[in-house]
file my_file.cif (mmCIF, C-alpha atoms)
data_my_file
#
loop_
_atom_site.group_PDB
_atom_site.id
_atom_site.type_symbol
_atom_site.label_atom_id
_atom_site.label_comp_id
_atom_site.auth_asym_id
_atom_site.auth_seq_id
_atom_site.Cartn_x
_atom_site.Cartn_y
_atom_site.Cartn_z
ATOM 1 C CA MET A 1 22.504 -15.069 -13.658
ATOM 2 C CA LYS A 2 25.143 -13.998 -11.144
ATOM 3 C CA ASP A 3 25.900 -15.619 -7.780
ATOM 4 C CA GLY A 4 22.690 -17.657 -8.055
ATOM 5 C CA VAL A 5 20.513 -14.568 -8.588
ATOM 6 C CA LEU A 6 18.534 -14.204 -11.811
ATOM 7 C CA SER A 7 17.983 -10.672 -13.082
ATOM 8 C CA ILE A 8 15.222 -9.700 -15.468
ATOM 9 C CA VAL A 9 16.594 -6.523 -17.021
ATOM 10 C CA ALA A 10 14.523 -3.895 -18.775
ATOM 11 C CA SER A 11 16.467 -1.426 -20.886
ATOM 12 C CA ARG A 12 15.711 1.185 -23.495
ATOM 13 C CA THR A 13 15.451 -0.307 -26.956
ATOM 14 C CA PRO A 14 18.456 0.552 -29.130
ATOM 15 C CA PRO A 15 17.289 2.885 -31.946
ATOM 16 C CA GLU A 16 18.397 0.475 -34.671
ATOM 17 C CA LEU A 17 16.162 -2.278 -33.214
ATOM 18 C CA LYS A 18 13.021 -0.196 -32.687
ATOM 19 C CA PRO A 19 11.605 -0.791 -36.217
ATOM 20 C CA VAL A 20 11.773 -4.578 -35.787
ATOM 21 C CA LEU A 21 10.439 -4.444 -32.209
ATOM 22 C CA PHE A 22 7.185 -2.624 -33.018
ATOM 23 C CA ASN A 23 8.708 0.700 -31.870
ATOM 24 C CA ASN A 24 8.559 -0.392 -28.238
ATOM 25 C CA GLU A 25 10.494 1.915 -25.935
ATOM 26 C CA TYR A 26 11.908 -0.953 -23.833
ATOM 27 C CA ILE A 27 13.066 -4.523 -24.126
ATOM 28 C CA SER A 28 12.619 -6.748 -21.093
ATOM 29 C CA GLY A 29 11.968 -10.332 -20.118
ATOM 30 C CA ILE A 30 9.305 -12.647 -18.777
ATOM 31 C CA LEU A 31 9.425 -16.097 -17.219
ATOM 32 C CA THR A 32 6.346 -18.295 -17.253
ATOM 33 C CA THR A 33 5.422 -21.861 -16.421
ATOM 34 C CA GLN A 34 2.505 -21.803 -18.890
ATOM 35 C CA GLY A 35 2.354 -25.170 -20.615
ATOM 36 C CA THR A 36 4.973 -26.713 -18.322
ATOM 37 C CA PHE A 37 3.686 -26.377 -14.738
ATOM 38 C CA ALA A 38 0.416 -25.457 -13.061
ATOM 39 C CA GLN A 39 -0.959 -26.316 -9.647
ATOM 40 C CA LYS A 40 -4.267 -26.003 -7.791
ATOM 41 C CA HIS A 41 -3.864 -25.086 -4.131
ATOM 42 C CA GLY A 42 -0.545 -24.826 -2.334
ATOM 43 C CA TYR A 43 1.973 -22.159 -1.412
ATOM 44 C CA PHE A 44 3.605 -20.020 -4.126
ATOM 45 C CA GLU A 45 6.521 -17.736 -3.237
ATOM 46 C CA ILE A 46 9.174 -15.476 -4.752
ATOM 47 C CA ARG A 47 12.278 -14.186 -2.974
ATOM 48 C CA ALA A 48 13.347 -10.990 -4.702
ATOM 49 C CA LYS A 49 14.469 -7.381 -4.610
ATOM 50 C CA VAL A 50 11.720 -5.173 -6.036
ATOM 51 C CA PRO A 51 13.121 -2.513 -8.399
ATOM 52 C CA VAL A 52 11.996 1.117 -8.340
ATOM 53 C CA GLY A 53 11.992 3.977 -10.826
ATOM 54 C CA HIS A 54 9.708 6.019 -13.034
ATOM 55 C CA ALA A 55 7.327 3.681 -14.941
ATOM 56 C CA VAL A 56 8.888 0.535 -13.373
ATOM 57 C CA TRP A 57 6.366 -2.301 -12.814
ATOM 58 C CA PRO A 58 7.747 -5.647 -11.534
ATOM 59 C CA ALA A 59 5.300 -8.478 -10.863
ATOM 60 C CA PHE A 60 4.936 -12.107 -9.770
ATOM 61 C CA TRP A 61 1.460 -13.374 -10.651
ATOM 62 C CA MET A 62 -0.654 -16.390 -11.590
ATOM 63 C CA LEU A 63 -3.289 -17.135 -14.220
ATOM 64 C CA ALA A 64 -5.645 -20.072 -14.834
ATOM 65 C CA ASP A 65 -4.119 -22.865 -16.898
ATOM 66 C CA ASP A 66 -7.316 -23.111 -18.986
ATOM 67 C CA GLY A 67 -6.461 -19.761 -20.587
ATOM 68 C CA GLY A 68 -9.432 -17.858 -19.215
ATOM 69 C CA TRP A 69 -9.260 -14.510 -17.426
ATOM 70 C CA PRO A 70 -9.945 -13.889 -14.656
ATOM 71 C CA PRO A 71 -9.076 -15.497 -12.241
ATOM 72 C CA GLU A 72 -5.757 -13.817 -11.537
ATOM 73 C CA VAL A 73 -3.639 -13.755 -8.393
ATOM 74 C CA ASP A 74 -1.072 -10.966 -8.151
ATOM 75 C CA VAL A 75 1.253 -12.279 -5.466
ATOM 76 C CA LEU A 76 3.451 -9.198 -5.796
ATOM 77 C CA GLU A 77 3.376 -6.003 -7.825
ATOM 78 C CA GLY A 78 5.752 -3.125 -7.251
ATOM 79 C CA ARG A 79 4.714 0.493 -7.712
ATOM 80 C CA GLY A 80 8.001 1.765 -9.125
ATOM 81 C CA GLU A 81 7.361 5.427 -8.305
ATOM 82 C CA ARG A 82 6.460 4.621 -4.714
ATOM 83 C CA PRO A 83 9.519 2.825 -3.269
ATOM 84 C CA GLY A 84 8.546 0.211 -0.718
ATOM 85 C CA ASP A 85 4.869 0.260 -1.738
ATOM 86 C CA LEU A 86 3.850 -3.241 -2.792
ATOM 87 C CA VAL A 87 0.421 -4.570 -3.713
ATOM 88 C CA MET A 88 -1.117 -8.061 -3.556
ATOM 89 C CA THR A 89 -4.406 -8.484 -5.461
ATOM 90 C CA THR A 90 -7.053 -11.092 -6.312
ATOM 91 C CA HIS A 91 -9.184 -10.681 -9.468
ATOM 92 C CA TRP A 92 -12.343 -12.642 -10.353
ATOM 93 C CA ARG A 93 -15.548 -12.448 -12.411
ATOM 94 C CA ILE A 94 -19.071 -12.474 -10.964
ATOM 95 C CA PRO A 95 -20.963 -15.072 -13.062
ATOM 96 C CA ALA A 96 -24.396 -13.403 -12.867
ATOM 97 C CA THR A 97 -23.205 -9.987 -14.101
ATOM 98 C CA GLN A 98 -19.886 -10.886 -15.810
ATOM 99 C CA LYS A 99 -18.358 -7.910 -13.958
ATOM 100 C CA ILE A 100 -14.717 -8.097 -12.905
ATOM 101 C CA GLN A 101 -14.058 -7.703 -9.181
ATOM 102 C CA SER A 102 -10.703 -7.040 -7.531
ATOM 103 C CA CYS A 103 -9.558 -7.022 -3.940
ATOM 104 C CA GLY A 104 -6.072 -5.639 -3.362
ATOM 105 C CA PHE A 105 -3.947 -4.723 -0.383
ATOM 106 C CA ASP A 106 -0.962 -2.352 -0.292
ATOM 107 C CA PHE A 107 1.961 -2.960 2.047
ATOM 108 C CA ALA A 108 5.034 -0.948 2.989
ATOM 109 C CA VAL A 109 8.362 -2.796 2.890
ATOM 110 C CA GLY A 110 10.880 0.025 3.275
ATOM 111 C CA ASP A 111 13.954 -1.796 1.992
ATOM 112 C CA ALA A 112 12.188 -3.883 -0.693
ATOM 113 C CA SER A 113 14.472 -2.535 -3.423
ATOM 114 C CA SER A 114 17.752 -3.092 -1.575
ATOM 115 C CA ALA A 115 17.143 -6.344 0.349
ATOM 116 C CA PHE A 116 15.688 -9.724 -0.560
ATOM 117 C CA HIS A 117 12.273 -10.496 0.911
ATOM 118 C CA ASN A 118 9.834 -13.376 0.497
ATOM 119 C CA TYR A 119 6.399 -12.690 -1.022
ATOM 120 C CA GLY A 120 3.892 -15.517 -1.170
ATOM 121 C CA VAL A 121 0.317 -16.705 -1.312
ATOM 122 C CA LEU A 122 -1.222 -19.779 0.285
ATOM 123 C CA TRP A 123 -4.110 -21.003 -1.860
ATOM 124 C CA GLN A 124 -6.390 -23.171 0.247
ATOM 125 C CA GLU A 125 -9.810 -24.554 -0.646
ATOM 126 C CA ASP A 126 -11.584 -21.624 1.017
ATOM 127 C CA ARG A 127 -8.957 -18.872 1.576
ATOM 128 C CA LEU A 128 -6.168 -17.061 -0.231
ATOM 129 C CA VAL A 129 -3.649 -15.913 2.374
ATOM 130 C CA TYR A 130 -0.920 -13.457 1.337
ATOM 131 C CA PHE A 131 2.473 -13.466 3.077
ATOM 132 C CA ILE A 132 5.491 -11.182 3.374
ATOM 133 C CA ASP A 133 8.580 -12.841 4.842
ATOM 134 C CA ARG A 134 6.414 -15.846 5.714
ATOM 135 C CA LYS A 135 4.095 -13.813 7.935
ATOM 136 C CA PRO A 136 0.427 -13.575 6.887
ATOM 137 C CA VAL A 137 -0.495 -10.004 5.983
ATOM 138 C CA SER A 138 -3.979 -10.361 4.431
ATOM 139 C CA ASP A 139 -6.470 -12.932 3.302
ATOM 140 C CA ILE A 140 -9.620 -13.223 1.230
ATOM 141 C CA GLU A 141 -12.242 -15.899 0.740
ATOM 142 C CA VAL A 142 -11.475 -17.784 -2.464
ATOM 143 C CA PRO A 143 -13.818 -16.224 -5.039
ATOM 144 C CA ILE A 144 -15.951 -18.208 -7.439
ATOM 145 C CA GLY A 145 -14.121 -19.342 -10.567
ATOM 146 C CA PHE A 146 -10.882 -20.532 -8.951
ATOM 147 C CA ASP A 147 -11.455 -24.043 -10.265
ATOM 148 C CA ASP A 148 -8.410 -24.713 -12.423
ATOM 149 C CA PRO A 149 -4.712 -25.042 -11.656
ATOM 150 C CA MET A 150 -2.731 -21.838 -12.141
ATOM 151 C CA TYR A 151 0.609 -21.195 -13.802
ATOM 152 C CA MET A 152 3.138 -18.572 -12.698
ATOM 153 C CA ILE A 153 4.513 -15.481 -14.420
ATOM 154 C CA VAL A 154 7.315 -13.171 -13.318
ATOM 155 C CA ASN A 155 8.088 -10.107 -15.407
ATOM 156 C CA LEU A 156 9.395 -6.562 -15.412
ATOM 157 C CA ALA A 157 7.116 -4.244 -17.363
ATOM 158 C CA ILE A 158 7.847 -0.590 -18.051
ATOM 159 C CA GLY A 159 4.966 1.857 -18.215
ATOM 160 C CA SER A 160 1.251 1.707 -17.478
ATOM 161 C CA LYS A 161 -1.805 3.753 -18.325
ATOM 162 C CA PHE A 162 -3.867 2.501 -15.399
ATOM 163 C CA PHE A 163 -1.781 1.124 -12.495
ATOM 164 C CA PRO A 164 -1.295 3.803 -9.785
ATOM 165 C CA GLY A 165 2.364 4.402 -8.975
ATOM 166 C CA VAL A 166 3.476 3.333 -12.461
ATOM 167 C CA SER A 167 3.332 6.103 -15.077
ATOM 168 C CA GLN A 168 3.788 5.934 -18.811
ATOM 169 C CA VAL A 169 7.313 5.910 -20.225
ATOM 170 C CA ASP A 170 8.980 9.305 -20.571
ATOM 171 C CA ALA A 171 12.402 10.946 -20.219
ATOM 172 C CA GLU A 172 12.419 10.233 -16.450
ATOM 173 C CA SER A 173 12.201 6.465 -16.998
ATOM 174 C CA PRO A 174 15.485 4.676 -16.236
ATOM 175 C CA THR A 175 17.852 3.658 -19.012
ATOM 176 C CA SER A 176 18.095 0.200 -17.459
ATOM 177 C CA VAL A 177 16.632 -1.480 -14.367
ATOM 178 C CA ALA A 178 16.812 -5.029 -12.946
ATOM 179 C CA PHE A 179 14.350 -7.271 -11.079
ATOM 180 C CA GLU A 180 16.626 -9.510 -8.978
ATOM 181 C CA ILE A 181 15.170 -12.939 -8.163
ATOM 182 C CA ASP A 182 16.835 -15.263 -5.685
ATOM 183 C CA ARG A 183 14.272 -18.062 -6.081
ATOM 184 C CA ILE A 184 10.690 -19.015 -6.850
ATOM 185 C CA SER A 185 9.210 -21.909 -4.887
ATOM 186 C CA VAL A 186 5.958 -23.864 -4.962
ATOM 187 C CA TYR A 187 4.753 -26.266 -2.310
ATOM 188 C CA GLN A 188 1.898 -28.730 -2.301
ATOM 189 C CA ILE A 189 -0.247 -28.603 0.825
ATOM 190 C CA GLU A 190 -2.186 -31.525 2.236
ATOM 191 C CA MET A 191 -5.669 -30.036 2.415
ATOM 192 C CA GLU A 192 -6.722 -32.240 5.361
ATOM 193 C CA GLN A 193 -3.859 -30.839 7.454
ATOM 194 C CA ALA A 194 -4.497 -27.288 6.310
ATOM 195 C CA ARG A 195 -8.090 -27.433 7.638
ATOM 196 C CA ARG A 196 -7.047 -28.459 11.170
#
call {"tool": "encode", "arguments": {"input": "my_file.cif", "output": "C-alpha cells"}}
result
Amino acid sequence: MKDGVLSIVASRTPPELKPVLFNNEYISGILTTQGTFAQKHGYFEIRAKVPVGHAVWPAFWMLADDGGWPPEVDVLEGRGERPGDLVMTTHWRIPATQKIQSCGFDFAVGDASSAFHNYGVLWQEDRLVYFIDRKPVSDIEVPIGFDDPMYMIVNLAIGSKFFPGVSQVDAESPTSVAFEIDRISVYQIEMEQARR
C-alpha cells in the first residue's frame, strides 16, 4: 500500500521457491470477501489502473455465496495484450440443458493502464447494468439463477489458455506487473426507488 493505493503485484517466481510453489511461473495475490461479505442487488465498483503486458489478466468479479458456478459477474477484465481493451461479462446456466451461457461486452478505455477509472455494475431485480466512470455502457436482463448474494474477488492472474488477449506465459511476459487499486465500493440500493 502506498499513498492509499493498494497494488496486487505479480512477479516471476524465484527459482529457489518454484519446487514449493508447484512450479508455478508467477506469484501474485488475490483479495476476496468470500465468507466475510456478500450482497444481493446493489452497486459494486472498483477504481483502478488496469495493467497491461503479455499474459497479464487483471479482474474484478463476483461469484454466488452458495459456492455454485455459475452465476458469475465479471465487472472488469483486462486483456493485457490489448491495452485499453476491457471486457464486462455475465455468465449463467440454462436449467433445462445445463449449458453455460455468457454475454460479454468489450470497451475501449485508451488510458486505462495509466489513469484511474471507475468500473461498476448495478445489480437490480431485473437488470444488470455495467458502468465505466459512472456512465452506463451496457446492460442485460438478469438471467435465471441469480438468486443468492454474491461475494467479490479482485486478482491479477498471469497466463490463460482460453481468454482472448491473454496468452500463456512465455519469455515475453513481464518480470513484474502491478494492478493498482484506489478503492472498491459497494452500495445497497432501495429496490422501490430503483424501479421508479
call {"tool": "resolve_selection", "arguments": {"input": "my_file.cif", "expression": "the PyMOL selection byres ((chain A and resi 53) around 12)", "output": "MDAnalysis selection string"}}
result
chainID A and resid 10 50:52 54:58 78:84 113 156:159 165:179
call {"tool": "resolve_selection", "arguments": {"input": "my_file.cif", "expression": "the PyMOL selection byres ((chain A and resi 46) around 10)", "output": "ChimeraX atom specification"}}
result
/A:44-45,47-49,60-61,75-76,116-121,132-133,154,181-186
call {"tool": "closest_residue", "arguments": {"input": "my_file.cif", "among": "A:Met150, A:Val87, A:Val142, A:Val129", "to": "A:Gly104", "atoms": "all atoms listed in the file"}}
result
A:Val87
call {"tool": "closest_residue", "arguments": {"input": "my_file.cif", "among": "A:Thr13, A:Glu180, A:Glu25, A:Glu190", "to": "A:Met1", "atoms": "all atoms listed in the file"}}
result
A:Glu180
call {"tool": "closest_residue", "arguments": {"input": "my_file.cif", "among": "A:Lys40, A:Phe105, A:Pro149, A:Gly29", "to": "A:Phe131", "atoms": "all atoms listed in the file"}}
result
A:Phe105
call {"tool": "closest_residue", "arguments": {"input": "my_file.cif", "among": "A:Val20, A:Phe146, A:Leu86, A:Phe163", "to": "A:Pro70", "atoms": "all atoms listed in the file"}}
result
A:Phe146
call {"tool": "residues_around", "arguments": {"input": "my_file.cif", "residues": "A:Leu128", "least_positions_apart": "5", "cutoff": "12 Å", "atoms": "all atoms listed in the file", "output": "PDB file with C-alpha atoms, keeping the file's coordinate frame"}}
result
ATOM      1  CA  LYS A  40      -4.267 -26.003  -7.791  1.00  0.00           C
ATOM      2  CA  HIS A  41      -3.864 -25.086  -4.131  1.00  0.00           C
ATOM      3  CA  GLY A  42      -0.545 -24.826  -2.334  1.00  0.00           C
ATOM      4  CA  TYR A  43       1.973 -22.159  -1.412  1.00  0.00           C
ATOM      5  CA  PHE A  44       3.605 -20.020  -4.126  1.00  0.00           C
ATOM      6  CA  GLU A  72      -5.757 -13.817 -11.537  1.00  0.00           C
ATOM      7  CA  VAL A  73      -3.639 -13.755  -8.393  1.00  0.00           C
ATOM      8  CA  ASP A  74      -1.072 -10.966  -8.151  1.00  0.00           C
ATOM      9  CA  VAL A  75       1.253 -12.279  -5.466  1.00  0.00           C
ATOM     10  CA  MET A  88      -1.117  -8.061  -3.556  1.00  0.00           C
ATOM     11  CA  THR A  89      -4.406  -8.484  -5.461  1.00  0.00           C
ATOM     12  CA  THR A  90      -7.053 -11.092  -6.312  1.00  0.00           C
ATOM     13  CA  HIS A  91      -9.184 -10.681  -9.468  1.00  0.00           C
ATOM     14  CA  CYS A 103      -9.558  -7.022  -3.940  1.00  0.00           C
ATOM     15  CA  GLY A 104      -6.072  -5.639  -3.362  1.00  0.00           C
ATOM     16  CA  GLY A 120       3.892 -15.517  -1.170  1.00  0.00           C
ATOM     17  CA  VAL A 121       0.317 -16.705  -1.312  1.00  0.00           C
ATOM     18  CA  LEU A 122      -1.222 -19.779   0.285  1.00  0.00           C
ATOM     19  CA  TRP A 123      -4.110 -21.003  -1.860  1.00  0.00           C
ATOM     20  CA  PRO A 136       0.427 -13.575   6.887  1.00  0.00           C
ATOM     21  CA  VAL A 137      -0.495 -10.004   5.983  1.00  0.00           C
ATOM     22  CA  SER A 138      -3.979 -10.361   4.431  1.00  0.00           C
ATOM     23  CA  ASP A 139      -6.470 -12.932   3.302  1.00  0.00           C
ATOM     24  CA  ILE A 140      -9.620 -13.223   1.230  1.00  0.00           C
ATOM     25  CA  GLU A 141     -12.242 -15.899   0.740  1.00  0.00           C
ATOM     26  CA  VAL A 142     -11.475 -17.784  -2.464  1.00  0.00           C
ATOM     27  CA  PRO A 143     -13.818 -16.224  -5.039  1.00  0.00           C
ATOM     28  CA  PHE A 146     -10.882 -20.532  -8.951  1.00  0.00           C
TER      29      PHE A 146
END
call {"tool": "atom_distance", "arguments": {"input": "my_file.cif", "atom1": "atom CA of A:Arg93", "atom2": "atom CA of A:Trp69"}}
result
8.3 Å
call {"tool": "closest_residue", "arguments": {"input": "my_file.cif", "among": "A:Ile189, A:Asn155, A:Pro19, A:Asp126", "to": "A:Ala59", "atoms": "all atoms listed in the file"}}
result
A:Asn155
call {"tool": "axis_aligned_box", "arguments": {"input": "my_file.cif", "around": "stretch 150-164 of chain A", "padding_each_side": "8 Å", "output": "AutoDock Vina command-line options"}}
result
--center_x 2.8 --center_y -9.0 --center_z -14.1 --size_x 29.3 --size_y 41.6 --size_z 24.5
call {"tool": "atom_distance", "arguments": {"input": "my_file.cif", "atom1": "atom CA of A:Ala38", "atom2": "atom CA of A:Met152"}}
result
7.4 Å
call {"tool": "atom_distance", "arguments": {"input": "my_file.cif", "atom1": "atom CA of A:Ile30", "atom2": "atom CA of A:Met62"}}
result
12.8 Å
call {"tool": "closest_residue", "arguments": {"input": "my_file.cif", "among": "A:Pro15, A:Arg134, A:Tyr187, A:Gly145", "to": "A:Gly68", "atoms": "all atoms listed in the file"}}
result
A:Gly145
call {"tool": "residues_near_point", "arguments": {"input": "my_file.cif", "point": "(14.0, -2.7, -20.2)", "cutoff": "6 Å", "atoms": "only C-alpha atoms", "output": "list in words"}}
result
Val9, Ala10, Ser11, Arg12, Tyr26, Ile27, Ser28 and Ser176 of chain A
call {"tool": "decode", "arguments": {"input": "my_file.cif", "residues": "stretch 75-108 of chain A", "atoms": "N, CA and C atoms", "output": "PDB file, in the first residue's frame"}}
result
ATOM      1  N   VAL A  75     -17.132  -7.863 -13.550  1.00  0.00           N
ATOM      2  CA  VAL A  75     -17.308  -6.415 -13.630  1.00  0.00           C
ATOM      3  C   VAL A  75     -16.227  -5.809 -14.516  1.00  0.00           C
ATOM      4  N   LEU A  76     -15.030  -6.365 -14.437  1.00  0.00           N
ATOM      5  CA  LEU A  76     -13.904  -5.854 -15.221  1.00  0.00           C
ATOM      6  C   LEU A  76     -12.891  -6.964 -15.440  1.00  0.00           C
ATOM      7  N   GLU A  77     -12.504  -7.164 -16.691  1.00  0.00           N
ATOM      8  CA  GLU A  77     -11.348  -7.998 -17.011  1.00  0.00           C
ATOM      9  C   GLU A  77     -10.515  -7.247 -18.034  1.00  0.00           C
ATOM     10  N   GLY A  78      -9.218  -7.212 -17.809  1.00  0.00           N
ATOM     11  CA  GLY A  78      -8.314  -6.583 -18.758  1.00  0.00           C
ATOM     12  C   GLY A  78      -7.719  -7.618 -19.690  1.00  0.00           C
ATOM     13  N   ARG A  79      -7.573  -7.250 -20.949  1.00  0.00           N
ATOM     14  CA  ARG A  79      -6.893  -8.111 -21.925  1.00  0.00           C
ATOM     15  C   ARG A  79      -5.485  -7.534 -22.072  1.00  0.00           C
ATOM     16  N   GLY A  80      -4.552  -8.081 -21.300  1.00  0.00           N
ATOM     17  CA  GLY A  80      -3.225  -7.495 -21.159  1.00  0.00           C
ATOM     18  C   GLY A  80      -2.481  -7.211 -22.443  1.00  0.00           C
ATOM     19  N   GLU A  81      -2.749  -7.972 -23.500  1.00  0.00           N
ATOM     20  CA  GLU A  81      -2.043  -7.778 -24.767  1.00  0.00           C
ATOM     21  C   GLU A  81      -2.779  -6.816 -25.696  1.00  0.00           C
ATOM     22  N   ARG A  82      -3.900  -6.308 -25.210  1.00  0.00           N
ATOM     23  CA  ARG A  82      -4.672  -5.332 -25.978  1.00  0.00           C
ATOM     24  C   ARG A  82      -4.923  -4.117 -25.074  1.00  0.00           C
ATOM     25  N   PRO A  83      -3.926  -3.252 -24.905  1.00  0.00           N
ATOM     26  CA  PRO A  83      -4.066  -2.111 -23.994  1.00  0.00           C
ATOM     27  C   PRO A  83      -5.341  -1.314 -24.268  1.00  0.00           C
ATOM     28  N   GLY A  84      -6.051  -1.031 -23.191  1.00  0.00           N
ATOM     29  CA  GLY A  84      -7.285  -0.259 -23.294  1.00  0.00           C
ATOM     30  C   GLY A  84      -8.504  -1.073 -23.647  1.00  0.00           C
ATOM     31  N   ASP A  85      -8.339  -2.368 -23.925  1.00  0.00           N
ATOM     32  CA  ASP A  85      -9.471  -3.239 -24.246  1.00  0.00           C
ATOM     33  C   ASP A  85      -9.919  -3.939 -22.969  1.00  0.00           C
ATOM     34  N   LEU A  86     -11.115  -3.594 -22.515  1.00  0.00           N
ATOM     35  CA  LEU A  86     -11.660  -4.142 -21.279  1.00  0.00           C
ATOM     36  C   LEU A  86     -12.951  -4.871 -21.588  1.00  0.00           C
ATOM     37  N   VAL A  87     -13.243  -5.906 -20.810  1.00  0.00           N
ATOM     38  CA  VAL A  87     -14.460  -6.687 -21.047  1.00  0.00           C
ATOM     39  C   VAL A  87     -15.263  -6.812 -19.757  1.00  0.00           C
ATOM     40  N   MET A  88     -16.587  -6.759 -19.902  1.00  0.00           N
ATOM     41  CA  MET A  88     -17.537  -6.935 -18.800  1.00  0.00           C
ATOM     42  C   MET A  88     -18.493  -8.050 -19.230  1.00  0.00           C
ATOM     43  N   THR A  89     -18.617  -9.108 -18.403  1.00  0.00           N
ATOM     44  CA  THR A  89     -19.320 -10.317 -18.840  1.00  0.00           C
ATOM     45  C   THR A  89     -20.224 -10.880 -17.750  1.00  0.00           C
ATOM     46  N   THR A  90     -21.356 -11.435 -18.174  1.00  0.00           N
ATOM     47  CA  THR A  90     -22.284 -12.152 -17.296  1.00  0.00           C
ATOM     48  C   THR A  90     -22.305 -13.615 -17.735  1.00  0.00           C
ATOM     49  N   HIS A  91     -22.191 -14.540 -16.772  1.00  0.00           N
ATOM     50  CA  HIS A  91     -22.242 -15.975 -17.060  1.00  0.00           C
ATOM     51  C   HIS A  91     -23.394 -16.603 -16.271  1.00  0.00           C
ATOM     52  N   TRP A  92     -24.126 -17.537 -16.903  1.00  0.00           N
ATOM     53  CA  TRP A  92     -25.207 -18.237 -16.222  1.00  0.00           C
ATOM     54  C   TRP A  92     -25.410 -19.606 -16.852  1.00  0.00           C
ATOM     55  N   ARG A  93     -26.232 -20.429 -16.195  1.00  0.00           N
ATOM     56  CA  ARG A  93     -26.528 -21.785 -16.675  1.00  0.00           C
ATOM     57  C   ARG A  93     -28.015 -21.868 -17.034  1.00  0.00           C
ATOM     58  N   ILE A  94     -28.311 -22.477 -18.174  1.00  0.00           N
ATOM     59  CA  ILE A  94     -29.702 -22.704 -18.569  1.00  0.00           C
ATOM     60  C   ILE A  94     -30.179 -23.989 -17.885  1.00  0.00           C
ATOM     61  N   PRO A  95     -31.177 -23.907 -17.006  1.00  0.00           N
ATOM     62  CA  PRO A  95     -31.580 -25.087 -16.220  1.00  0.00           C
ATOM     63  C   PRO A  95     -31.985 -26.292 -17.073  1.00  0.00           C
ATOM     64  N   ALA A  96     -32.719 -26.082 -18.144  1.00  0.00           N
ATOM     65  CA  ALA A  96     -33.229 -27.205 -18.941  1.00  0.00           C
ATOM     66  C   ALA A  96     -32.114 -28.007 -19.611  1.00  0.00           C
ATOM     67  N   THR A  97     -31.057 -27.333 -20.044  1.00  0.00           N
ATOM     68  CA  THR A  97     -29.980 -28.005 -20.789  1.00  0.00           C
ATOM     69  C   THR A  97     -28.680 -28.115 -19.999  1.00  0.00           C
ATOM     70  N   GLN A  98     -28.568 -27.364 -18.908  1.00  0.00           N
ATOM     71  CA  GLN A  98     -27.346 -27.274 -18.093  1.00  0.00           C
ATOM     72  C   GLN A  98     -26.184 -26.633 -18.857  1.00  0.00           C
ATOM     73  N   LYS A  99     -26.462 -26.035 -20.017  1.00  0.00           N
ATOM     74  CA  LYS A  99     -25.418 -25.359 -20.783  1.00  0.00           C
ATOM     75  C   LYS A  99     -25.097 -24.009 -20.162  1.00  0.00           C
ATOM     76  N   ILE A 100     -23.806 -23.643 -20.238  1.00  0.00           N
ATOM     77  CA  ILE A 100     -23.347 -22.353 -19.745  1.00  0.00           C
ATOM     78  C   ILE A 100     -23.524 -21.319 -20.855  1.00  0.00           C
ATOM     79  N   GLN A 101     -24.094 -20.185 -20.501  1.00  0.00           N
ATOM     80  CA  GLN A 101     -24.256 -19.067 -21.430  1.00  0.00           C
ATOM     81  C   GLN A 101     -23.453 -17.878 -20.909  1.00  0.00           C
ATOM     82  N   SER A 102     -22.940 -17.087 -21.822  1.00  0.00           N
ATOM     83  CA  SER A 102     -22.184 -15.884 -21.454  1.00  0.00           C
ATOM     84  C   SER A 102     -22.589 -14.756 -22.373  1.00  0.00           C
ATOM     85  N   CYS A 103     -22.623 -13.569 -21.809  1.00  0.00           N
ATOM     86  CA  CYS A 103     -22.890 -12.361 -22.593  1.00  0.00           C
ATOM     87  C   CYS A 103     -21.868 -11.325 -22.146  1.00  0.00           C
ATOM     88  N   GLY A 104     -20.936 -10.994 -23.049  1.00  0.00           N
ATOM     89  CA  GLY A 104     -19.872 -10.063 -22.702  1.00  0.00           C
ATOM     90  C   GLY A 104     -19.788  -8.909 -23.661  1.00  0.00           C
ATOM     91  N   PHE A 105     -19.278  -7.802 -23.170  1.00  0.00           N
ATOM     92  CA  PHE A 105     -19.119  -6.587 -23.958  1.00  0.00           C
ATOM     93  C   PHE A 105     -17.694  -6.074 -23.791  1.00  0.00           C
ATOM     94  N   ASP A 106     -17.051  -5.716 -24.894  1.00  0.00           N
ATOM     95  CA  ASP A 106     -15.716  -5.121 -24.856  1.00  0.00           C
ATOM     96  C   ASP A 106     -15.834  -3.607 -24.979  1.00  0.00           C
ATOM     97  N   PHE A 107     -14.953  -2.912 -24.264  1.00  0.00           N
ATOM     98  CA  PHE A 107     -14.944  -1.452 -24.287  1.00  0.00           C
ATOM     99  C   PHE A 107     -13.522  -0.955 -24.408  1.00  0.00           C
ATOM    100  N   ALA A 108     -13.354   0.179 -25.081  1.00  0.00           N
ATOM    101  CA  ALA A 108     -12.037   0.798 -25.223  1.00  0.00           C
ATOM    102  C   ALA A 108     -11.919   1.954 -24.243  1.00  0.00           C
TER     103      ALA A 108
END
